[in-house]
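**Q** The following block contains the structure, expressed as structure tokens.
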Amino acid sequence: MAFLPDAQGRATLVGLTAPVCWGMSVGLVRSITEAFGLAAGLTILYAATCLFLAFVPGLPNLKAFPKKYLLLGIPLGNLYSVCFCLSLHLSHGGQQTVEVGMVNYLWPCLTVFFAVLFNGQKARWWMTPGVVISFLGVMMVLGGAQGLQPAELVSHIRQNPWSYALAFFGAVAWAAFSNLTRAWSNGENPTFIVFAVDAVLFGCLWGAGYGDLSHGSAMGWTSVALGAVAMGGSYAAWSYGVTRGNIAVLAIASYFTPVLSCLFASVWIGAALDGSFWQGVAVIVFGSLLCWSSTLMRR
């Protein structure tokens with residue numbers, strides 16, 4: 001039928017479910033690491049996610065992936081997972097957890113930026129201001145009521161520098177992973193492999209004594225169940241979408257993930273977010289949208 005989307009359109013629609021689920025990830029990962037500790041909690045989460053992915057979308061064919069992607073692309077996905085989860089685990093309280101999440105959400109504009117640099121994506125001149133505006137939005141989030149005062153901003157970051165730095169490195173890693181997946185994956189979905197390696201990495205830490213299930217709570221187990229579906233489904237949908245769908249459309253949808261994340265975190269972990277915080281989030285979204293709009297070319 002004429003009104004049904006083509007193959008690229010269907011892939012794009014699948015990819016559009018990812019930002020909705022990603023909006024839940026900050027609050028869920030924080031709850032899981034609080035309940036079980038970093039290593040034990042994330043081992044359980046990633047193992048449960050692998051179980052989910054074994055059925056949706058199914059086990060991948062390793063032979064279908066180029067060796068360069070297995071050696072360079074997959075590790076970037078693992079690096080993102082480690083940086084993202086560790087940055088949330090090291091954050092202090094609900095407010096800082098969401099701040100760290102906003103630093104991590106620089107990845108949408110960085111994804112477009114890397115696509116221009118490495119994947120041949122065309123862009124207009126205002127992509128650069130878009131990237132700058134997104135960074136200013138993050139600075140507004142971190143500055144809080146003090147605004148964009150460099151001394152106050154530096155002082156705030158020094159309270160927990162590793163958490164903010166890991167969130168930023170994670171954003172860079174995910175942007176690079178998204179572009180390498182599109183360029184090198186041969187259309188195959190690598191999500192199961194990424195999560196399986198993550199489960200092994202955190203399982204080794206758990207085996208070394210980092211983690212304890214005896215303090216697990218009902219909220220912790222509920223977070224694991226929701227996290228397996230949300231994270232596994234979103235990563236699978238995103239990888240499928242960026243491989244076969246319209247990456248520009250997916251990028252614009254992903255730019256609203258920070259808003260969804262803040263809304264979910266305010267409910268799930270009780271993060272108190274004031275007006276200045278939401279202004280910073282709005283600036284991040286605006287900067288990312290500006291980056292995306294720069295890639296729209298007249299035919």
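Residues in the structure tokens are numbered from 1 in each chain, the chains being A, B, ... in the order shown, and ligands are numbered from 1 in the order shown.
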Residues within 9 Å of Met231 in chain A, please, as a CSV table (one decimal) with N, CA, C and O atoms, in the first residue's frame. Count only C-alpha atoms; anything in the same chain fewer than 2 positions from it doesn't count.

**A**
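Written file, around_0.csv:
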```csv
chain,number,residue,atom,x,y,z
A,18,ALA,N,14.2,4.2,20.3
A,18,ALA,CA,15.4,4.2,21.2
A,18,ALA,C,15.4,5.4,22.2
A,18,ALA,O,15.7,5.2,23.4
A,21,CYS,N,13.3,5.0,25.3
A,21,CYS,CA,13.9,4.0,26.3
A,21,CYS,C,15.1,4.6,26.9
A,21,CYS,O,15.4,4.4,28.1
A,22,TRP,N,15.9,5.3,26.1
A,22,TRP,CA,17.1,5.9,26.7
A,22,TRP,C,16.8,6.9,27.8
A,22,TRP,O,17.6,7.1,28.7
A,24,MET,N,15.0,6.6,30.1
A,24,MET,CA,14.9,5.9,31.4
A,24,MET,C,16.2,5.4,31.9
A,24,MET,O,16.3,5.1,33.1
A,25,SER,N,17.3,5.4,31.1
A,25,SER,CA,18.5,4.7,31.5
A,25,SER,C,19.3,5.4,32.7
A,25,SER,O,19.8,4.6,33.5
A,46,TYR,N,23.3,-6.4,32.5
A,46,TYR,CA,23.7,-6.7,31.2
A,46,TYR,C,23.4,-8.2,30.8
A,46,TYR,O,23.2,-8.5,29.7
A,49,THR,N,19.9,-8.2,30.0
A,49,THR,CA,19.7,-7.5,28.7
A,49,THR,C,20.1,-8.5,27.6
A,49,THR,O,19.4,-8.6,26.5
A,226,LEU,N,13.2,-3.6,34.2
A,226,LEU,CA,12.9,-2.5,33.3
A,226,LEU,C,14.2,-2.1,32.5
A,226,LEU,O,14.1,-1.8,31.3
A,227,GLY,N,15.3,-2.1,33.1
A,227,GLY,CA,16.6,-1.7,32.4
A,227,GLY,C,16.9,-2.7,31.3
A,227,GLY,O,17.4,-2.3,30.3
A,228,ALA,N,16.7,-4.0,31.5
A,228,ALA,CA,17.0,-5.0,30.5
A,228,ALA,C,16.2,-4.7,29.2
A,228,ALA,O,16.7,-4.8,28.1
A,229,VAL,N,14.9,-4.4,29.4
A,229,VAL,CA,14.0,-4.2,28.3
A,229,VAL,C,14.3,-2.8,27.7
A,229,VAL,O,14.5,-2.7,26.4
A,233,GLY,N,16.4,-3.1,24.3
A,233,GLY,CA,15.5,-2.7,23.2
A,233,GLY,C,16.0,-1.4,22.5
A,233,GLY,O,16.0,-1.3,21.3
A,234,SER,N,16.4,-0.4,23.3
A,234,SER,CA,16.8,0.8,22.7
A,234,SER,C,18.1,0.7,21.9
A,234,SER,O,18.2,1.3,20.8
A,235,TYR,N,19.1,0.0,22.5
A,235,TYR,CA,20.4,-0.2,21.7
A,235,TYR,C,20.2,-1.0,20.5
A,235,TYR,O,20.8,-0.6,19.4
A,236,ALA,N,19.4,-2.0,20.5
A,236,ALA,CA,19.1,-2.8,19.3
A,236,ALA,C,18.4,-2.0,18.3
A,236,ALA,O,18.7,-2.0,17.1
```

**Q** Nearest to Ser91 in chain A: which of A:Val197, A:Ala167, A:Ile32, A:Leu180 is it, counting only C-alpha atoms?

**A**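 Nearest to Ser91 in chain A: A:Ala167.
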
**Q** If you count only C-alpha atoms, which residues fall within 12 Å of range 74-81 of chain A, apart from same-chain ones fewer than 4 positions away, as a count of residues only?

**A** 56

**Q** At what distance in Å, to one decimal, does CA of Leu106 in chain A lie from CA of Leu13 in chain A?

**A**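 Interatomic distance here is 22.7 Å.
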
**Q** Pull the alpha helix (DSSP H) assignments for range 54-208 of chain A out of DSSP run on the backbone, and list those residues as a PyMOL selection string.

**A** chain A and resi 67-68+74-90+93-104+107-118+127-143+150-158+161-184+191-207

**Q** Considering only C-alpha atoms, tabulate each residue of range 6-116 of chain A that lies at most 9 Å from range 262-267 of chain A along with its nearest interatomic pair and the corresponding distance in Å to one decimal; arrange the rows by chain and ascending residue number and present them as a Markdown table.

**A**
```
| residue | atom | partner | partner_atom | distance |
| --- | --- | --- | --- | --- |
| A:Gly23 | CA | A:Phe264 | CA | 6.8 |
| A:Met24 | CA | A:Phe264 | CA | 5.9 |
| A:Ser25 | CA | A:Ala265 | CA | 8.9 |
| A:Val26 | CA | A:Ala265 | CA | 7.0 |
| A:Gly27 | CA | A:Ala265 | CA | 4.9 |
| A:Leu28 | CA | A:Ala265 | CA | 8.3 |
| A:Gly94 | CA | A:Ala265 | CA | 7.8 |
| A:Gln95 | CA | A:Ser266 | CA | 8.9 |
| A:Thr97 | CA | A:Ala265 | CA | 8.8 |
| A:Val98 | CA | A:Cys262 | CA | 6.7 |
| A:Gly101 | CA | A:Cys262 | CA | 8.7 |
| A:Met102 | CA | A:Cys262 | CA | 8.8 |
```

**Q** Got time to write the residues from that selection, N, CA and C atoms, as a PDB file, in the first residue's frame?

**A**
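What landed in selection_14.pdb:
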```pdb
ATOM      1  N   GLY A  23      15.682   7.573  27.655  1.00  0.00           N
ATOM      2  CA  GLY A  23      15.306   8.540  28.675  1.00  0.00           C
ATOM      3  C   GLY A  23      15.190   7.924  30.058  1.00  0.00           C
ATOM      4  N   MET A  24      15.031   6.598  30.105  1.00  0.00           N
ATOM      5  CA  MET A  24      14.904   5.897  31.385  1.00  0.00           C
ATOM      6  C   MET A  24      16.246   5.439  31.949  1.00  0.00           C
ATOM      7  N   SER A  25      17.294   5.426  31.140  1.00  0.00           N
ATOM      8  CA  SER A  25      18.529   4.733  31.507  1.00  0.00           C
ATOM      9  C   SER A  25      19.262   5.360  32.684  1.00  0.00           C
ATOM     10  N   VAL A  26      19.299   6.689  32.765  1.00  0.00           N
ATOM     11  CA  VAL A  26      20.042   7.346  33.848  1.00  0.00           C
ATOM     12  C   VAL A  26      19.470   6.956  35.206  1.00  0.00           C
ATOM     13  N   GLY A  27      18.157   7.095  35.351  1.00  0.00           N
ATOM     14  CA  GLY A  27      17.527   6.760  36.625  1.00  0.00           C
ATOM     15  C   GLY A  27      17.639   5.289  36.965  1.00  0.00           C
ATOM     16  N   LEU A  28      17.485   4.415  35.975  1.00  0.00           N
ATOM     17  CA  LEU A  28      17.527   2.972  36.220  1.00  0.00           C
ATOM     18  C   LEU A  28      18.923   2.502  36.604  1.00  0.00           C
ATOM     19  N   GLY A  94      20.822  12.641  43.557  1.00  0.00           N
ATOM     20  CA  GLY A  94      20.000  12.706  42.356  1.00  0.00           C
ATOM     21  C   GLY A  94      20.314  13.871  41.451  1.00  0.00           C
ATOM     22  N   GLN A  95      20.559  15.065  42.026  1.00  0.00           N
ATOM     23  CA  GLN A  95      20.841  16.254  41.233  1.00  0.00           C
ATOM     24  C   GLN A  95      22.096  16.063  40.390  1.00  0.00           C
ATOM     25  N   THR A  97      23.530  13.249  39.596  1.00  0.00           N
ATOM     26  CA  THR A  97      23.321  12.148  38.655  1.00  0.00           C
ATOM     27  C   THR A  97      22.746  12.662  37.342  1.00  0.00           C
ATOM     28  N   VAL A  98      21.755  13.538  37.437  1.00  0.00           N
ATOM     29  CA  VAL A  98      21.134  14.078  36.233  1.00  0.00           C
ATOM     30  C   VAL A  98      22.096  15.031  35.521  1.00  0.00           C
ATOM     31  N   GLY A 101      24.318  12.964  33.565  1.00  0.00           N
ATOM     32  CA  GLY A 101      23.576  12.494  32.402  1.00  0.00           C
ATOM     33  C   GLY A 101      23.522  13.534  31.297  1.00  0.00           C
ATOM     34  N   MET A 102      23.398  14.798  31.661  1.00  0.00           N
ATOM     35  CA  MET A 102      23.352  15.851  30.643  1.00  0.00           C
ATOM     36  C   MET A 102      24.696  16.022  29.938  1.00  0.00           C
TER      37      MET A 102
END
```

**Q** If I take CA of Ser223 in chain A and CA of Trp206 in chain A, how far is one from the other in Å, to one decimal?

**A** 18.8 Å

**Q** Could you check how far CA of Ile252 in chain A sits from CA of Gly9 in chain A, in Å to one decimal?

**A** 15.0 Å

**Q** List as a PDB file with N, CA and C atoms, in the first residue's frame the protein and nucleic acid residues near Phe113 in chain A, meaning an atom at most 8 Å away when only C-alpha atoms are counted, but skip any in the same chain fewer than 2 places from it.

**A**
```pdb
ATOM      1  N   CYS A 109      24.931  15.760  19.250  1.00  0.00           N
ATOM      2  CA  CYS A 109      25.598  16.731  18.384  1.00  0.00           C
ATOM      3  C   CYS A 109      26.962  16.210  17.960  1.00  0.00           C
ATOM      4  N   LEU A 110      27.626  15.437  18.824  1.00  0.00           N
ATOM      5  CA  LEU A 110      28.918  14.864  18.448  1.00  0.00           C
ATOM      6  C   LEU A 110      28.756  13.794  17.371  1.00  0.00           C
ATOM      7  N   THR A 111      27.621  13.084  17.381  1.00  0.00           N
ATOM      8  CA  THR A 111      27.361  12.082  16.345  1.00  0.00           C
ATOM      9  C   THR A 111      27.297  12.736  14.972  1.00  0.00           C
ATOM     10  N   ALA A 115      29.946  12.469  11.916  1.00  0.00           N
ATOM     11  CA  ALA A 115      29.448  12.038  10.611  1.00  0.00           C
ATOM     12  C   ALA A 115      29.978  12.951   9.507  1.00  0.00           C
ATOM     13  N   VAL A 116      30.084  14.247   9.825  1.00  0.00           N
ATOM     14  CA  VAL A 116      30.636  15.198   8.856  1.00  0.00           C
ATOM     15  C   VAL A 116      32.130  14.953   8.657  1.00  0.00           C
ATOM     16  N   LEU A 117      32.840  14.693   9.756  1.00  0.00           N
ATOM     17  CA  LEU A 117      34.288  14.522   9.678  1.00  0.00           C
ATOM     18  C   LEU A 117      34.699  13.211   9.023  1.00  0.00           C
ATOM     19  N   MET A 127      26.647  24.325  11.767  1.00  0.00           N
ATOM     20  CA  MET A 127      26.873  23.152  12.609  1.00  0.00           C
ATOM     21  C   MET A 127      27.823  23.484  13.759  1.00  0.00           C
ATOM     22  N   VAL A 131      27.267  23.023  17.866  1.00  0.00           N
ATOM     23  CA  VAL A 131      28.096  22.278  18.818  1.00  0.00           C
ATOM     24  C   VAL A 131      28.454  23.162  20.007  1.00  0.00           C
ATOM     25  N   CYS A 291      22.650  21.585  15.056  1.00  0.00           N
ATOM     26  CA  CYS A 291      23.591  20.687  14.371  1.00  0.00           C
ATOM     27  C   CYS A 291      22.857  19.852  13.329  1.00  0.00           C
TER      28      CYS A 291
END
```

**Q** Set the distance at 10 Å and use only C-alpha atoms: which residues neighbour Pro150 in chain A once local chain neighbours fewer than 6 positions away are removed? I'd like the list as a compact mmCIF listing (two decimals) with N, CA and C atoms, in the first residue's frame.

**A**
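Output file out00.txt is given in full below:
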```txt
# COMPACT_ATOMS: atom_id res chain seq x y z
N MET A 139 27.21 23.71 30.27
CA MET A 139 27.80 24.62 31.26
C MET A 139 26.71 25.28 32.09
N GLY A 143 26.40 25.00 35.97
CA GLY A 143 26.51 26.26 36.70
C GLY A 143 25.35 26.52 37.63
N HIS A 156 32.54 23.72 40.73
CA HIS A 156 31.50 22.70 40.76
C HIS A 156 32.02 21.38 40.18
```
